[in-house]
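Novice: Structure incoming, see below.
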Amino acid sequence: MLKRFLSYYKPHRFIFTMDMLASLVMAMIGITYPIITRYMLNDLFPQRNYRMLVILGTALLFLYIVRMLLQFFIQYYGHVMGVRMQAQMRSDMFNHLQKLPYKFYDDHETGKIMSRMTNDLMDISELAHHGPENILISSISIIISFVYLCTINLPLTLILFTCVPFLLIISITLRKKMRAAFKKSRQSVAEINAALESSISGIRVTKAFGNSQKESEKFEIGNEKFVSARREAYKAMGQFHSTTSFVTDIFNVILLIAGGLILFGALGIGRDMEFGDYSAFIVSIGVFISPVLTLINFMEQFQNGVTGFERFVEIMDTPPEQDHPDAVDAGKLDGKIEFVNVTHAYDDSKEVIKNIDLKIEKGTKFALVGPSGGGKTTICHLIPAFYDISDGEILIDGKDIRTMTRESLRRNIGIVQQDIYLFNASIRDNILYGRLDATEQEMIEAAKRANIHDYIMTLENGYDTQIGERGVKLSGGQKQRLSIARVFLKNPPILILDEATSALDNATEILIQDALDELCQGRTTLVVAHRLSTIKNADEIAVICEGRVLEKGTHDQLMQNGGMYAELYSQQFRR
């Protein structure tokens, strides 16, 4: 994992190197104050050498100006480097998310994914900047100050140095607890984001049913979990900081007393220690202890960054959709589809479809009907390989779809669903999503064929009209026609209509059905419908129930059989 983290520094080697050099110089400057203080107290003050006093003071001021500039460089360019690394990780994660299978999104909420892409990557960015800087400055400061303190008084320095093992033991003991607490805190933030995303997306449903109070109660449950998790994290952090600070305070007292006793010769060691040495040593304690505390306090940021990177890696290590090693570009397909003894189950759960055998001839209209949950939508999802089948094979033009690259397979398939997703962009952008390289005229022709062009031209901004999140500014029928225009523009040989008109009123359905009928012309069409009146003219109809094909045939044949189809049809028209 460390190697993967360090790989993100490679594009920023120059800035990183300069940042580390600036940190090194800052660490060197930091030790000059106690050195000059000791020299002044031991030599300049007794000799009343005012001229050298002013010179050294001026030199120290100049060094502090240099340190100020270095501090600006580190803060500005170091953070810029961290942000660029964060941006690269975000791009990598986004691109990887585009490649993940449907199953991943079945199991992960959108808000939690967003939390990993924002909050977690921000923590990683801070670690990327401050981590090496803190480690370098603090390590060098500790080494230099330790060596310098040894030159003042070795016994007193060794007493000081005994502080470090205690601090390390405490930090190691409390680190695991703090790490677990902050990881739990991150998870609670992700849950809040997921709940928030769900509630805001469904705000219109909430208002329609007057359930604002219920949503508030659901949100408060997650909010309380966040408070509880954060409380535990802060408790662990408080224990960490208070304990380490207490140890350093005790050693300050010990060193103050021990130094005084050595100065007066009460301990029988260090009689040659002068008052200037003693003063410089007391001043230098902070130079030694401060970077030690910085490293220890850095644990909090380290834990946040490591936890964030672990969550980042968790997504990046999720296997993407993989084409078969021998898969090739499908080219332009004709559209003959065959299901040969196909069985499918999600994970290790109950099989959703079992031993399905279907044959859909090129250019024909094939309908799937049956009770909800019977497996109709699953069949539709298997054709474009949104899920890998558990057993059997699906053939298009006589070739197993697993021998085709997924991208080329899906290029040949158009899908119109009941739940239309439109992007928060213009009408133009949403139609062009069907084929990004289409011309203006081709886009307009697709809109005309979907019976949406005339409506678009009544809008003030025409095709440049913004439709809002998920097309909220459009009616259900308008959104459906926009999605149909998108498929017209794509012009695939295979078309899947999954409950495409079930959410529309009768008048709108008739208008949409005209566009769909034209869309189906010359294409192999698989239709899933609950309104059986819409598929009476299908070339063949299959009744799917509990994952199996109960009966197949034309509308007239199935009505004559008197089976489930006839029963479903008669039930609908008795209403």
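The chains in the structure tokens are called A, B, ... from first to last as shown; in each chain the residues are counted from 1, and the ligands are counted from 1 in the order shown.
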Would you please extract all strand (DSSP E or B) residues from region 260-477 of chain A, as assigned by DSSP on the backbone, and give them as a VMD selection string?
Specialist: chain A and resid 328 337 to 345 351 to 360 365 to 369 391 to 396 399 to 400 404 413 to 417 426 466
Novice: Of the candidates A:Asn211, A:Ser91, A:Ser23, A:Asn193, which shows the shortest atom-to-atom distance to Gln75 (chain A), using only C-alpha atoms?
Specialist: A:Ser23
Novice: Need to verify the contact set: Val527 (chain A), 8 Å, only C-alpha atoms, exclusion of same-chain residues closer than 2 positions in sequence. Can you return it as a list of chain:residue names?
Specialist: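 Surrounding residues, per the criterion: A:Lys365, A:Phe366, A:Ala367, A:Leu368, A:Ile496, A:Leu497, A:Asp498, A:Glu499, A:Thr525, A:Ala529, A:Ile535.
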Novice: For the selection you just gave me, I'd like the residues written to a file as an mmCIF file, in the first residue's frame, keeping N, CA and C atoms.
Specialist:
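For reference, out.cif as written:
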data_model
loop_
_atom_site.group_PDB
_atom_site.id
_atom_site.type_symbol
_atom_site.label_atom_id
_atom_site.label_comp_id
_atom_site.auth_asym_id
_atom_site.auth_seq_id
_atom_site.Cartn_x
_atom_site.Cartn_y
_atom_site.Cartn_z
ATOM 1 N N LYS A 365 -40.206 -8.647 -33.064
ATOM 2 C CA LYS A 365 -40.588 -8.055 -31.782
ATOM 3 C C LYS A 365 -40.982 -9.180 -30.836
ATOM 4 N N PHE A 366 -40.224 -9.309 -29.760
ATOM 5 C CA PHE A 366 -40.412 -10.406 -28.798
ATOM 6 C C PHE A 366 -40.776 -9.780 -27.457
ATOM 7 N N ALA A 367 -41.863 -10.260 -26.868
ATOM 8 C CA ALA A 367 -42.357 -9.670 -25.613
ATOM 9 C C ALA A 367 -42.199 -10.644 -24.452
ATOM 10 N N LEU A 368 -41.870 -10.068 -23.291
ATOM 11 C CA LEU A 368 -41.803 -10.834 -22.046
ATOM 12 C C LEU A 368 -42.894 -10.303 -21.116
ATOM 13 N N ILE A 496 -34.149 -2.820 -26.440
ATOM 14 C CA ILE A 496 -34.780 -3.378 -25.248
ATOM 15 C C ILE A 496 -35.695 -2.315 -24.655
ATOM 16 N N LEU A 497 -36.973 -2.636 -24.556
ATOM 17 C CA LEU A 497 -37.958 -1.725 -23.966
ATOM 18 C C LEU A 497 -38.436 -2.356 -22.659
ATOM 19 N N ASP A 498 -37.946 -1.845 -21.555
ATOM 20 C CA ASP A 498 -38.263 -2.421 -20.242
ATOM 21 C C ASP A 498 -39.285 -1.534 -19.537
ATOM 22 N N GLU A 499 -40.566 -1.911 -19.662
ATOM 23 C CA GLU A 499 -41.663 -1.137 -19.054
ATOM 24 C C GLU A 499 -41.595 0.327 -19.483
ATOM 25 N N THR A 525 -36.375 -6.412 -31.307
ATOM 26 C CA THR A 525 -36.895 -5.691 -30.143
ATOM 27 C C THR A 525 -37.376 -6.661 -29.075
ATOM 28 N N ALA A 529 -43.498 -5.799 -20.678
ATOM 29 C CA ALA A 529 -44.694 -4.969 -20.502
ATOM 30 C C ALA A 529 -45.659 -5.625 -19.529
ATOM 31 N N ILE A 535 -48.569 -5.162 -26.406
ATOM 32 C CA ILE A 535 -47.709 -6.167 -27.061
ATOM 33 C C ILE A 535 -48.539 -7.225 -27.801
#
Novice: Taking only region 259-422 of chain A into account, list the residues labelled helix (DSSP H, G or I) by DSSP (computed from the backbone), as a PyMOL selection string.
Specialist: chain A and resi 259-263+275-316+376-382+401-403+406-411
Novice: Check which residues of region 70-187 of chain A sit at most 12 Å from region 38-44 of chain A using only C-alpha atoms, and return one row each with the closest pair of atoms and their distance in Å to one decimal, ordered by chain and rising number, as CSV.
Specialist:
residue,atom,partner,partner_atom,distance
A:Tyr148,CA,A:Arg38,CA,11.1
A:Leu149,CA,A:Arg38,CA,11.1
A:Thr151,CA,A:Arg38,CA,11.6
A:Ile152,CA,A:Arg38,CA,9.4
Novice: Restrict the selected residues to all heavy atoms and save them as an mmCIF file, in the first residue's frame.
Specialist:
data_model
loop_
_atom_site.group_PDB
_atom_site.id
_atom_site.type_symbol
_atom_site.label_atom_id
_atom_site.label_comp_id
_atom_site.auth_asym_id
_atom_site.auth_seq_id
_atom_site.Cartn_x
_atom_site.Cartn_y
_atom_site.Cartn_z
ATOM 1 N N TYR A 148 23.358 18.614 19.773
ATOM 2 C CA TYR A 148 23.729 19.901 20.370
ATOM 3 C C TYR A 148 23.588 19.857 21.891
ATOM 4 O O TYR A 148 24.464 20.347 22.631
ATOM 5 C CB TYR A 148 22.854 21.011 19.789
ATOM 6 C CG TYR A 148 23.070 22.344 20.444
ATOM 7 C CD1 TYR A 148 24.297 23.010 20.328
ATOM 8 C CD2 TYR A 148 22.073 22.938 21.215
ATOM 9 C CE1 TYR A 148 24.507 24.237 20.944
ATOM 10 C CE2 TYR A 148 22.269 24.154 21.825
ATOM 11 C CZ TYR A 148 23.487 24.810 21.693
ATOM 12 O OH TYR A 148 23.695 26.021 22.300
ATOM 13 N N LEU A 149 22.508 19.258 22.381
ATOM 14 C CA LEU A 149 22.315 19.171 23.826
ATOM 15 C C LEU A 149 23.405 18.316 24.474
ATOM 16 O O LEU A 149 23.813 18.588 25.617
ATOM 17 C CB LEU A 149 20.928 18.578 24.126
ATOM 18 C CG LEU A 149 19.736 19.491 23.809
ATOM 19 C CD1 LEU A 149 18.419 18.734 23.983
ATOM 20 C CD2 LEU A 149 19.744 20.724 24.702
ATOM 21 N N THR A 151 26.440 18.255 23.611
ATOM 22 C CA THR A 151 27.635 19.097 23.746
ATOM 23 C C THR A 151 27.519 20.024 24.940
ATOM 24 O O THR A 151 28.524 20.503 25.462
ATOM 25 C CB THR A 151 27.855 19.935 22.470
ATOM 26 O OG1 THR A 151 26.752 20.838 22.292
ATOM 27 C CG2 THR A 151 27.972 19.039 21.252
ATOM 28 N N ILE A 152 26.304 20.305 25.372
ATOM 29 C CA ILE A 152 26.112 21.175 26.543
ATOM 30 C C ILE A 152 26.311 20.370 27.820
ATOM 31 O O ILE A 152 27.116 20.731 28.689
ATOM 32 C CB ILE A 152 24.716 21.816 26.525
ATOM 33 C CG1 ILE A 152 24.539 22.708 25.287
ATOM 34 C CG2 ILE A 152 24.483 22.636 27.798
ATOM 35 C CD1 ILE A 152 23.147 23.313 25.151
#
Novice: Find the spatial neighbours of region 471-482 of chain A, counting only C-alpha atoms, within a cut-off of 7 Å - ignore same-chain residues fewer than 2 positions away - and output them as number ranges by chain.
Specialist: A: 420, 422-424, 431, 450-452, 467-469, 484-486, 504, 508, 512
Novice: For Glu133 (chain A), list every protein, DNA or RNA residue within 10 Å, evaluated using only C-alpha atoms, and leave out those in the same chain fewer than 5 positions away; present the list as a list in words.
Specialist: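 That gives Phe16, Asp19, Met20, Leu21, Ala22, Ser23, Leu24, Ile74, Gly78, Leu127, Ala128, Ser138 and Ser139 of chain A.
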Novice: Grab the residues selected above and save them as a compact mmCIF listing (two decimals), in the first residue's frame with N, CA and C atoms.
Specialist:
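Saved the output as again.txt:
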# COMPACT_ATOMS: atom_id res chain seq x y z
N PHE A 16 8.14 18.33 -4.82
CA PHE A 16 8.38 17.56 -3.60
C PHE A 16 9.82 17.74 -3.12
N ASP A 19 10.26 21.18 -1.73
CA ASP A 19 9.55 21.24 -0.45
C ASP A 19 10.38 20.61 0.65
N MET A 20 11.01 19.49 0.36
CA MET A 20 11.84 18.82 1.34
C MET A 20 13.11 19.62 1.65
N LEU A 21 13.70 20.25 0.62
CA LEU A 21 14.88 21.09 0.85
C LEU A 21 14.52 22.29 1.72
N ALA A 22 13.36 22.88 1.43
CA ALA A 22 12.90 24.01 2.25
C ALA A 22 12.68 23.56 3.69
N SER A 23 12.13 22.38 3.85
CA SER A 23 11.90 21.84 5.21
C SER A 23 13.23 21.59 5.92
N LEU A 24 14.22 21.10 5.17
CA LEU A 24 15.53 20.85 5.76
C LEU A 24 16.18 22.15 6.24
N ILE A 74 6.51 26.29 1.52
CA ILE A 74 6.04 24.97 1.96
C ILE A 74 4.52 24.94 2.05
N GLY A 78 3.42 23.17 -1.20
CA GLY A 78 3.16 21.86 -0.62
C GLY A 78 1.68 21.50 -0.71
N LEU A 127 -2.37 14.46 4.24
CA LEU A 127 -1.28 13.57 4.63
C LEU A 127 -0.15 13.64 3.60
N ALA A 128 -0.50 13.68 2.33
CA ALA A 128 0.51 13.72 1.27
C ALA A 128 1.40 14.95 1.41
N SER A 138 10.87 17.25 11.64
CA SER A 138 10.92 16.78 13.03
C SER A 138 12.11 15.86 13.26
N SER A 139 12.38 14.94 12.33
CA SER A 139 13.50 14.01 12.50
C SER A 139 14.83 14.74 12.55
